[in-house]
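K.L.:
The structure under discussion is supplied below as structure tokens; questions concerning it will follow.
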Amino acid sequence: MWEIELPWPPSVNHYKVIRKGKMILAQKVRDYFTECRFCVNSMYGKNLDSLLEITIDLYPPDLRRRDIDNCIKPILDGMTYSKVWLDDSQIKAMHVYMKEKIKGGKVILKITEANNG
């Protein structure tokens with residue numbers, strides 16, 4: 001099992017912006033991907049190629065109401081960008097928990113190989 005601590009993700013509600021008539025990733029999202037790459041340090045470039053199960057523990061930075069699903073995409077895309085796995089289509093089971101507020105927010109991602117049974 002691998003466990004990675006990540007920063008709090010940007011909302012998927014502000015994932016893309018239009019620049020010069022083209023839809024691109026928002027700067028905040030690109031910055032998040034760079035932070036993710038820094039956080040995975042020992043796993044960087046591992047490119048897990050098996051089927052995976054993940055658990056995501058979300059520790060929000062404040063008490064605002066949030067849709068849990070808006071937090072997931074930036075995390076998964078950040079791990080793909082960081083070459084932790086080849087593609088998030090390898091994930092066959094996912095458990096996501098909204099935990100207590102922590103100053104600044106954070107995410108704990110746990111990755112295991114999926115049972116084939």
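We label chains A, B, ... in the order they appear in the structure tokens, count residues from 1 in each chain, and number ligands from 1 in the order shown.
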What lies within 8 Å of A:Met98 using only C-alpha atoms, ignoring chain neighbours under 3 positions off, as a list in words?

P.N.:
Asp57, Leu58, Tyr59, Pro60 and Ile68 of chain A

K.L.:
Among stretch 9-96 of chain A, which residues does DSSP mark as strand (DSSP E) when it is run on the backbone? Keep the chain and numbering as in the structure and answer as a count of residues only.

P.N.:
22

K.L.:
Let's see if you can do this: from backbone DSSP, list all alpha helix (DSSP H) residues in stretch 75-116 of chain A, as a VMD selection string.

P.N.:
chain A and resid 75 to 81

K.L.:
Enter the distance from atom CA of A:Val12 to atom CA of A:Met79, in Å, rounded to one decimal.

P.N.:
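Separation of atom CA of A:Val12 and atom CA of A:Met79: 15.4 Å.
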
K.L.:
If we count only C-alpha atoms, what is near A:Val29 at a cut-off of 9 Å, once residues fewer than 2 positions away on the same chain are taken out, given as a PyMOL selection string?

P.N.:
chain A and resi 9-12+14-16+25-27+31-34+74+78

K.L.:
Given the selection you just returned, output its residues as a file containing N, CA and C atoms, formatted as an mmCIF file, in the first residue's frame.

P.N.:
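out.cif, written as the output of this step:
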```cif
data_model
loop_
_atom_site.group_PDB
_atom_site.id
_atom_site.type_symbol
_atom_site.label_atom_id
_atom_site.label_comp_id
_atom_site.auth_asym_id
_atom_site.auth_seq_id
_atom_site.Cartn_x
_atom_site.Cartn_y
_atom_site.Cartn_z
ATOM 1 N N PRO A 9 -7.463 20.132 -2.833
ATOM 2 C CA PRO A 9 -7.602 20.368 -4.275
ATOM 3 C C PRO A 9 -8.487 21.561 -4.613
ATOM 4 N N PRO A 10 -8.254 22.145 -5.786
ATOM 5 C CA PRO A 10 -9.181 23.172 -6.273
ATOM 6 C C PRO A 10 -10.495 22.495 -6.676
ATOM 7 N N SER A 11 -11.569 23.244 -6.642
ATOM 8 C CA SER A 11 -12.874 22.700 -7.020
ATOM 9 C C SER A 11 -12.944 22.441 -8.516
ATOM 10 N N VAL A 12 -13.618 21.392 -8.880
ATOM 11 C CA VAL A 12 -13.825 21.091 -10.292
ATOM 12 C C VAL A 12 -14.727 22.154 -10.937
ATOM 13 N N HIS A 14 -14.189 25.180 -11.077
ATOM 14 C CA HIS A 14 -13.329 26.184 -11.708
ATOM 15 C C HIS A 14 -12.141 25.513 -12.393
ATOM 16 N N TYR A 15 -12.377 24.329 -12.955
ATOM 17 C CA TYR A 15 -11.324 23.490 -13.507
ATOM 18 C C TYR A 15 -10.733 24.041 -14.807
ATOM 19 N N LYS A 16 -11.596 24.549 -15.673
ATOM 20 C CA LYS A 16 -11.135 25.038 -16.973
ATOM 21 C C LYS A 16 -11.575 26.479 -17.185
ATOM 22 N N LEU A 25 -6.871 24.211 -18.913
ATOM 23 C CA LEU A 25 -6.900 24.040 -17.462
ATOM 24 C C LEU A 25 -6.582 25.373 -16.789
ATOM 25 N N ALA A 26 -7.315 25.674 -15.747
ATOM 26 C CA ALA A 26 -7.075 26.899 -14.988
ATOM 27 C C ALA A 26 -5.689 26.852 -14.354
ATOM 28 N N GLN A 27 -5.083 28.015 -14.170
ATOM 29 C CA GLN A 27 -3.759 28.088 -13.567
ATOM 30 C C GLN A 27 -3.738 27.432 -12.195
ATOM 31 N N ASP A 31 -1.185 24.511 -11.122
ATOM 32 C CA ASP A 31 -0.346 24.649 -9.921
ATOM 33 C C ASP A 31 -0.568 23.474 -8.973
ATOM 34 N N TYR A 32 -1.816 23.027 -8.853
ATOM 35 C CA TYR A 32 -2.123 21.882 -7.992
ATOM 36 C C TYR A 32 -1.416 20.630 -8.493
ATOM 37 N N PHE A 33 -1.423 20.407 -9.803
ATOM 38 C CA PHE A 33 -0.739 19.240 -10.366
ATOM 39 C C PHE A 33 0.759 19.275 -10.041
ATOM 40 N N THR A 34 1.363 20.456 -10.114
ATOM 41 C CA THR A 34 2.783 20.595 -9.774
ATOM 42 C C THR A 34 3.015 20.267 -8.303
ATOM 43 N N PRO A 74 -9.636 16.541 -9.493
ATOM 44 C CA PRO A 74 -8.277 17.105 -9.459
ATOM 45 C C PRO A 74 -7.256 16.172 -8.801
ATOM 46 N N GLY A 78 -4.241 14.768 -10.856
ATOM 47 C CA GLY A 78 -2.930 15.116 -10.320
ATOM 48 C C GLY A 78 -2.018 13.906 -10.199
#
```

K.L.:
Of the candidates A:Ile72, A:Phe38, A:Glu5, A:Thr80, which shows the shortest atom-to-atom distance to A:Val107, using only C-alpha atoms?

P.N.:
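Checking each candidate against A:Val107, we get A:Glu5 as the closest.
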
K.L.:
Just checking: using only C-alpha atoms, which residue out of A:Asn115, A:Ser89, A:Ser82, A:Asn13 ends up closest to A:Lys46?

P.N.:
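The closest residue to A:Lys46 is A:Ser82.
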
K.L.:
Suppose you want the space between atom CA of A:Tyr97 and atom CA of A:Val84; what is it in Å?

P.N.:
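These two atoms are separated by 21.2 Å.
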
K.L.:
Contacts of A:Ile111 at 9 Å or less, counting only C-alpha atoms, minus same-chain residues fewer than 3 places along, as a PyMOL selection string?

P.N.:
chain A and resi 1-4+52-56

K.L.:
How would the residues just chosen look if you wrote them out with all heavy atoms as a CSV table (one decimal), in the first residue's frame?

P.N.:
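Final file, out.csv:
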```csv
chain,number,residue,atom,x,y,z
A,1,MET,N,0.8,-1.2,0.0
A,1,MET,CA,0.0,0.0,0.0
A,1,MET,C,0.9,1.2,0.0
A,1,MET,O,1.9,1.3,0.6
A,1,MET,CB,-0.9,0.0,1.2
A,1,MET,CG,-1.8,1.3,1.3
A,1,MET,SD,-3.0,1.3,2.6
A,1,MET,CE,-2.0,1.8,3.9
A,2,TRP,N,0.4,2.3,-0.7
A,2,TRP,CA,1.1,3.5,-0.7
A,2,TRP,C,0.2,4.6,-0.1
A,2,TRP,O,-1.0,4.5,-0.3
A,2,TRP,CB,1.4,4.0,-2.2
A,2,TRP,CG,2.4,3.0,-2.8
A,2,TRP,CD1,3.7,3.1,-2.8
A,2,TRP,CD2,2.1,1.9,-3.7
A,2,TRP,NE1,4.3,2.1,-3.5
A,2,TRP,CE2,3.3,1.3,-4.1
A,2,TRP,CE3,0.9,1.3,-4.1
A,2,TRP,CZ2,3.3,0.2,-4.9
A,2,TRP,CZ3,0.9,0.2,-4.9
A,2,TRP,CH2,2.1,-0.3,-5.3
A,3,GLU,N,0.7,5.5,0.7
A,3,GLU,CA,0.0,6.5,1.3
A,3,GLU,C,0.6,7.9,0.9
A,3,GLU,O,1.8,8.0,1.2
A,3,GLU,CB,-0.2,6.3,2.8
A,3,GLU,CG,-1.1,7.4,3.4
A,3,GLU,CD,-1.3,7.1,4.9
A,3,GLU,OE1,-1.7,5.9,5.2
A,3,GLU,OE2,-1.1,8.0,5.7
A,4,ILE,N,-0.1,8.8,0.4
A,4,ILE,CA,0.4,10.1,0.0
A,4,ILE,C,-0.4,11.2,0.6
A,4,ILE,O,-1.7,11.1,0.6
A,4,ILE,CB,0.3,10.2,-1.5
A,4,ILE,CG1,1.0,9.1,-2.2
A,4,ILE,CG2,0.9,11.6,-2.0
A,4,ILE,CD1,0.7,8.9,-3.7
A,52,LEU,N,-6.3,-0.9,-9.5
A,52,LEU,CA,-6.1,-0.3,-8.2
A,52,LEU,C,-7.4,-0.1,-7.4
A,52,LEU,O,-8.5,0.1,-8.0
A,52,LEU,CB,-5.4,1.1,-8.4
A,52,LEU,CG,-4.1,1.0,-9.2
A,52,LEU,CD1,-3.6,2.4,-9.5
A,52,LEU,CD2,-3.0,0.3,-8.4
A,53,GLU,N,-7.2,0.0,-6.1
A,53,GLU,CA,-8.3,0.5,-5.2
A,53,GLU,C,-7.7,1.6,-4.5
A,53,GLU,O,-6.5,1.6,-4.1
A,53,GLU,CB,-8.7,-0.6,-4.2
A,53,GLU,CG,-9.3,-1.8,-4.8
A,53,GLU,CD,-9.8,-2.9,-3.8
A,53,GLU,OE1,-10.0,-2.5,-2.6
A,53,GLU,OE2,-10.0,-4.0,-4.2
A,54,ILE,N,-8.5,2.7,-4.2
A,54,ILE,CA,-8.0,3.8,-3.5
A,54,ILE,C,-9.0,4.3,-2.4
A,54,ILE,O,-10.2,4.0,-2.5
A,54,ILE,CB,-7.7,5.0,-4.5
A,54,ILE,CG1,-9.0,5.6,-5.1
A,54,ILE,CG2,-6.7,4.7,-5.5
A,54,ILE,CD1,-8.8,6.9,-5.9
A,55,THR,N,-8.4,4.9,-1.4
A,55,THR,CA,-9.2,5.5,-0.4
A,55,THR,C,-8.7,7.0,-0.3
A,55,THR,O,-7.5,7.2,-0.3
A,55,THR,CB,-9.0,4.8,1.0
A,55,THR,OG1,-9.4,3.5,0.9
A,55,THR,CG2,-9.8,5.5,2.1
A,56,ILE,N,-9.7,7.9,-0.3
A,56,ILE,CA,-9.4,9.3,-0.2
A,56,ILE,C,-10.0,9.9,1.1
A,56,ILE,O,-11.2,9.8,1.2
A,56,ILE,CB,-9.9,10.1,-1.4
A,56,ILE,CG1,-9.3,9.5,-2.7
A,56,ILE,CG2,-9.6,11.6,-1.3
A,56,ILE,CD1,-9.9,10.1,-4.0
```

K.L.:
One decimal, in Å: what's the spacing between atom CA of A:Asp87 and atom CA of A:Trp8?

P.N.:
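Taking atom CA of A:Asp87 as the start and atom CA of A:Trp8 as the end point, the length is 21.1 Å.
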